[in-house]
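Participant: Mind having a look at this structure? Questions to follow.
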Amino acid sequence: MTQRPRPLVMGIVNVTPDSFSDGGRHASAQAAIAHGHALVEAGADWLDIGGESTRPGAEPVSEADELARVIPVIEELARTNMPLSIDTMKPGVARAAIQAGASMWNDVTALGGPGALGVAAQLGCQICLMHMQGEPRTMQADPHYDDVAGEVEAFLLARAAAAMKAGVSRENIWLDPGIGFGKTLVHNLALMGALPRLAGLGFPILFGASRKRFIASLDNDAPADQRLGGSIAAALHAAQAGAAMIRVHDVRETAQALKVRAAIQASG
């Protein structure tokens, strides 16, 4: 795996009315498209487009509603030639999104849904397998691990093996430890401390900690729009640990921080 001078930056485009981070400001296709263009101008290397919130306690969205939210956005943003990812748990949405111009399926269930492995193999696109204990509605109720890093590592390797057995190319597989998905503050910190270990598994790591709740737990319950400092700290740690791409809300600030870090390193 080629070592990049800095991780790629994936900008988040939530086409949802109930996102934890932006309160539905980009829920319409027009607003989401404009936000996507703004993230491209801000320096994003990828855009991740989602039409169903996976915040703790989130309610499921029908496939028809999710398609109606994301496909017009993907079709329009694909015109920019920016690499696009579809953030979905549904194979049908993933298939339509790839046909509309996306090139990665980012699945918080790690292709755990019915038929997902087969669809991923058929699509031949890049796949991100994420760890989550439980499901969005209940994942933060009482998460428990005996060894969070070991259990997340074992899960991700097992899902990668299952994907490859189904026909997904190894070169198309990314892993995401799932910061904040069925994990307490202690679990999140331990998992971030173990990132070098996960980055050594032979698959590129997609890391996402932007604006997440653990930052508030460390800083006087700061609201989501006041977690930039913590988000950048986590991004810089992930870069040091070997993450290949970092998924963020604040693209310009994160890209700037990563550029400065890369320049300092290059100076010798």
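All residue names refer to the structure tokens as shown: chains lettered A, B, ... in order, residues numbered from 1 in each chain, ligands numbered from 1 in order.
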Which residues are close to Asn81 in chain A, i.e. within 10 Å by only C-alpha atoms, leaving aside same-chain residues fewer than 6 positions away? Reply as an mmCIF file with all heavy atoms, in the first residue's frame.
Facilitator:
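Below is the file that was written, out_15.cif:
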```cif
data_model
loop_
_atom_site.group_PDB
_atom_site.id
_atom_site.type_symbol
_atom_site.label_atom_id
_atom_site.label_comp_id
_atom_site.auth_asym_id
_atom_site.auth_seq_id
_atom_site.Cartn_x
_atom_site.Cartn_y
_atom_site.Cartn_z
ATOM 1 N N TRP A 46 -12.653 13.650 -1.710
ATOM 2 C CA TRP A 46 -13.825 12.798 -1.917
ATOM 3 C C TRP A 46 -15.028 13.501 -1.290
ATOM 4 O O TRP A 46 -14.867 14.349 -0.399
ATOM 5 C CB TRP A 46 -13.654 11.454 -1.202
ATOM 6 C CG TRP A 46 -12.865 10.408 -1.918
ATOM 7 C CD1 TRP A 46 -11.507 10.359 -2.066
ATOM 8 C CD2 TRP A 46 -13.387 9.238 -2.544
ATOM 9 N NE1 TRP A 46 -11.159 9.230 -2.751
ATOM 10 C CE2 TRP A 46 -12.281 8.518 -3.056
ATOM 11 C CE3 TRP A 46 -14.676 8.715 -2.729
ATOM 12 C CZ2 TRP A 46 -12.429 7.310 -3.748
ATOM 13 C CZ3 TRP A 46 -14.820 7.513 -3.404
ATOM 14 C CH2 TRP A 46 -13.712 6.824 -3.914
ATOM 15 N N GLY A 101 -23.134 7.456 -10.518
ATOM 16 C CA GLY A 101 -21.835 8.120 -10.584
ATOM 17 C C GLY A 101 -20.948 7.980 -9.367
ATOM 18 O O GLY A 101 -19.812 8.461 -9.373
ATOM 19 N N ALA A 102 -21.426 7.340 -8.292
ATOM 20 C CA ALA A 102 -20.575 7.110 -7.122
ATOM 21 C C ALA A 102 -19.592 5.988 -7.413
ATOM 22 O O ALA A 102 -19.832 5.144 -8.280
ATOM 23 C CB ALA A 102 -21.420 6.773 -5.901
#
```
Participant: May I have all residues of range 37-71 of chain A that DSSP, computed from the backbone, assigns to alpha helix (DSSP H), given as a ChimeraX atom specification?
Facilitator: /A:37-42,63-71
Participant: May I have the residues from that selection written out with all heavy atoms, as a CSV table (one decimal), in the first residue's frame?
Facilitator:
```csv
chain,number,residue,atom,x,y,z
A,37,HIS,N,-20.5,21.3,-3.7
A,37,HIS,CA,-19.7,22.2,-4.5
A,37,HIS,C,-18.7,23.0,-3.6
A,37,HIS,O,-17.6,23.2,-3.9
A,37,HIS,CB,-20.5,23.1,-5.4
A,37,HIS,CG,-21.1,22.4,-6.6
A,37,HIS,ND1,-20.3,21.8,-7.6
A,37,HIS,CD2,-22.4,22.2,-7.0
A,37,HIS,CE1,-21.1,21.3,-8.5
A,37,HIS,NE2,-22.3,21.5,-8.2
A,38,ALA,N,-19.3,23.4,-2.5
A,38,ALA,CA,-18.5,24.2,-1.5
A,38,ALA,C,-17.4,23.4,-0.9
A,38,ALA,O,-16.3,23.9,-0.7
A,38,ALA,CB,-19.4,24.8,-0.4
A,39,LEU,N,-17.7,22.1,-0.6
A,39,LEU,CA,-16.6,21.3,-0.1
A,39,LEU,C,-15.5,21.0,-1.1
A,39,LEU,O,-14.4,20.9,-0.7
A,39,LEU,CB,-17.3,19.9,0.4
A,39,LEU,CG,-18.2,20.1,1.6
A,39,LEU,CD1,-18.8,18.7,2.0
A,39,LEU,CD2,-17.5,20.7,2.8
A,40,VAL,N,-15.9,20.8,-2.4
A,40,VAL,CA,-14.9,20.7,-3.4
A,40,VAL,C,-14.0,21.9,-3.5
A,40,VAL,O,-12.8,21.8,-3.5
A,40,VAL,CB,-15.6,20.4,-4.8
A,40,VAL,CG1,-14.5,20.5,-5.9
A,40,VAL,CG2,-16.3,19.1,-4.8
A,41,GLU,N,-14.6,23.1,-3.4
A,41,GLU,CA,-13.8,24.3,-3.4
A,41,GLU,C,-12.9,24.4,-2.2
A,41,GLU,O,-11.8,25.0,-2.2
A,41,GLU,CB,-14.7,25.5,-3.5
A,41,GLU,CG,-15.4,25.7,-4.8
A,41,GLU,CD,-14.4,26.0,-6.0
A,41,GLU,OE1,-13.5,26.8,-5.7
A,41,GLU,OE2,-14.6,25.4,-7.0
A,42,ALA,N,-13.4,23.8,-1.1
A,42,ALA,CA,-12.6,23.9,0.2
A,42,ALA,C,-11.5,23.0,0.2
A,42,ALA,O,-10.6,23.0,1.1
A,42,ALA,CB,-13.6,23.7,1.3
A,63,GLU,N,-36.3,2.7,1.6
A,63,GLU,CA,-35.4,2.8,0.4
A,63,GLU,C,-35.9,3.8,-0.6
A,63,GLU,O,-35.0,4.5,-1.2
A,63,GLU,CB,-35.4,1.4,-0.2
A,63,GLU,CG,-34.4,1.3,-1.4
A,63,GLU,CD,-34.1,-0.1,-1.9
A,63,GLU,OE1,-33.8,-0.9,-1.0
A,63,GLU,OE2,-34.1,-0.3,-3.1
A,64,ALA,N,-37.2,3.9,-0.8
A,64,ALA,CA,-37.7,4.9,-1.8
A,64,ALA,C,-37.3,6.3,-1.3
A,64,ALA,O,-36.9,7.2,-2.2
A,64,ALA,CB,-39.2,4.8,-1.9
A,65,ASP,N,-37.5,6.6,-0.1
A,65,ASP,CA,-37.2,8.0,0.4
A,65,ASP,C,-35.7,8.2,0.3
A,65,ASP,O,-35.2,9.4,0.0
A,65,ASP,CB,-37.6,8.2,1.9
A,65,ASP,CG,-39.1,8.3,2.0
A,65,ASP,OD1,-39.8,8.6,1.0
A,65,ASP,OD2,-39.7,8.2,3.1
A,66,GLU,N,-34.9,7.2,0.7
A,66,GLU,CA,-33.4,7.4,0.6
A,66,GLU,C,-33.0,7.7,-0.8
A,66,GLU,O,-32.1,8.5,-1.1
A,66,GLU,CB,-32.7,6.2,1.2
A,66,GLU,CG,-31.3,6.4,1.5
A,66,GLU,CD,-30.6,5.2,2.2
A,66,GLU,OE1,-31.3,4.4,2.8
A,66,GLU,OE2,-29.4,5.2,2.2
A,67,LEU,N,-33.5,6.9,-1.8
A,67,LEU,CA,-33.2,7.1,-3.2
A,67,LEU,C,-33.5,8.5,-3.6
A,67,LEU,O,-32.8,9.1,-4.3
A,67,LEU,CB,-33.9,6.0,-4.0
A,67,LEU,CG,-33.3,4.6,-4.0
A,67,LEU,CD1,-34.3,3.6,-4.6
A,67,LEU,CD2,-31.9,4.5,-4.6
A,68,ALA,N,-34.7,8.9,-3.3
A,68,ALA,CA,-35.2,10.3,-3.7
A,68,ALA,C,-34.3,11.4,-3.1
A,68,ALA,O,-34.1,12.4,-3.8
A,68,ALA,CB,-36.6,10.5,-3.2
A,69,ARG,N,-33.7,11.1,-2.0
A,69,ARG,CA,-32.8,12.1,-1.4
A,69,ARG,C,-31.4,12.2,-2.1
A,69,ARG,O,-30.9,13.2,-2.4
A,69,ARG,CB,-32.6,11.8,0.1
A,69,ARG,CG,-33.8,12.1,1.0
A,69,ARG,CD,-33.5,11.6,2.4
A,69,ARG,NE,-34.7,11.8,3.3
A,69,ARG,CZ,-34.7,11.5,4.6
A,69,ARG,NH1,-33.6,11.0,5.1
A,69,ARG,NH2,-35.8,11.7,5.3
A,70,VAL,N,-30.8,11.0,-2.3
A,70,VAL,CA,-29.4,11.0,-2.7
A,70,VAL,C,-29.1,10.9,-4.2
A,70,VAL,O,-28.1,11.5,-4.7
A,70,VAL,CB,-28.7,9.8,-2.0
A,70,VAL,CG1,-28.7,9.9,-0.5
A,70,VAL,CG2,-29.2,8.4,-2.5
A,71,ILE,N,-30.0,10.3,-5.0
A,71,ILE,CA,-29.7,10.1,-6.4
A,71,ILE,C,-29.6,11.4,-7.2
A,71,ILE,O,-28.6,11.6,-7.9
A,71,ILE,CB,-30.7,9.1,-7.1
A,71,ILE,CG1,-30.6,7.8,-6.4
A,71,ILE,CG2,-30.4,9.0,-8.6
A,71,ILE,CD1,-29.2,7.2,-6.4
```
Participant: Would you pick out the contacts of Lys183 in chain A at 9 Å or less, using only C-alpha atoms, so that residues sharing its chain but fewer than 5 positions from it are not included, and give the list as a ChimeraX atom specification?
Facilitator: /A:132-133,139-140,142-145,148,178,188
Participant: Enumerate as a list of chain:residue names all residues of range 54-132 of chain A assigned to strand (DSSP E) by DSSP on the backbone, naming them with the chain letters and numbers the document uses.
Facilitator: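 For range 54-132 of chain A, the strand (DSSP E) set is A:Leu84, A:Ser85, A:Ile86, A:Asp87, A:Met104, A:Trp105, A:Asn106, A:Asp107, A:Gln126, A:Ile127, A:Cys128, A:Leu129, A:Met130.
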Participant: Quick one: everything within 8 Å of Ile173 in chain A, counting only C-alpha atoms, minus sequence neighbours fewer than 5 positions away in the same chain. Send it as a PyMOL selection string.
Facilitator: chain A and resi 126-129+160+168+203-204
Participant: What lies within 12 Å of range 229-236 of chain A using only C-alpha atoms, ignoring chain neighbours under 6 positions off, as an MDAnalysis selection string?
Facilitator: chainID A and resid 6:10 179 188:189 191:193 195 206:219 222:223 242:262
Participant: Kindly indicate which residue among A:Glu151, A:Gln99, A:Leu157, A:Ala263 lies nearest to Ala78 in chain A, using only C-alpha atoms for the distances.
Facilitator: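 Residue with the minimum atom-to-atom distance to Ala78 in chain A: A:Gln99.
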Participant: Which residue, A:His237, A:His35, A:His131, A:Arg95, has the smallest gap to Gly180 in chain A when you use only C-alpha atoms?
Facilitator: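 Answer, going by the shortest atom-to-atom distance: A:His131.
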Participant: How far is it from CA of Asp87 in chain A to CA of Asp107 in chain A, in Å with one decimal?
Facilitator: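 About the pair CA of Asp87 in chain A and CA of Asp107 in chain A: they are 6.0 Å apart.
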Participant: With distances taken over only C-alpha atoms, which of A:Lys90, A:Lys165, A:Arg137, A:Arg170 is nearest to Cys125 in chain A?
Facilitator: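 So, comparing all the options, the nearest one is A:Arg170.
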Participant: Would you work out the distance separating CA of Gln240 in chain A from CA of Arg197 in chain A, expressed in Å to one decimal?
Facilitator: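 Result for CA of Gln240 in chain A versus CA of Arg197 in chain A: 12.1 Å, one decimal.
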Participant: So the first atom is CA of Gly112 in chain A and the second is CA of Leu77 in chain A; what is the distance between them in Å, to one decimal place?
Facilitator: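 Between CA of Gly112 in chain A and CA of Leu77 in chain A the gap is 27.9 Å.
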Participant: In terms of the shortest atom-to-atom distance over only C-alpha atoms, which of A:Ala141, A:Ala238, A:Ile49, A:Gly118 is closest to Ser103 in chain A?
Facilitator: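 Closest candidate: A:Ile49.
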Participant: Find, counting only C-alpha atoms, the residue in A:Ser85, A:Asn220, A:Thr184, A:Thr16 that gets nearest to Ala31 in chain A.
Facilitator: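 Under the stated criterion, the closest residue is A:Thr16.
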Participant: Would you mind telling me which residue in A:Ser28, A:Ser169, A:Asn14, A:Thr138 lies nearest to Leu117 in chain A when using only C-alpha atoms?
Facilitator: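 The answer is A:Ser169, which sits nearest to Leu117 in chain A.
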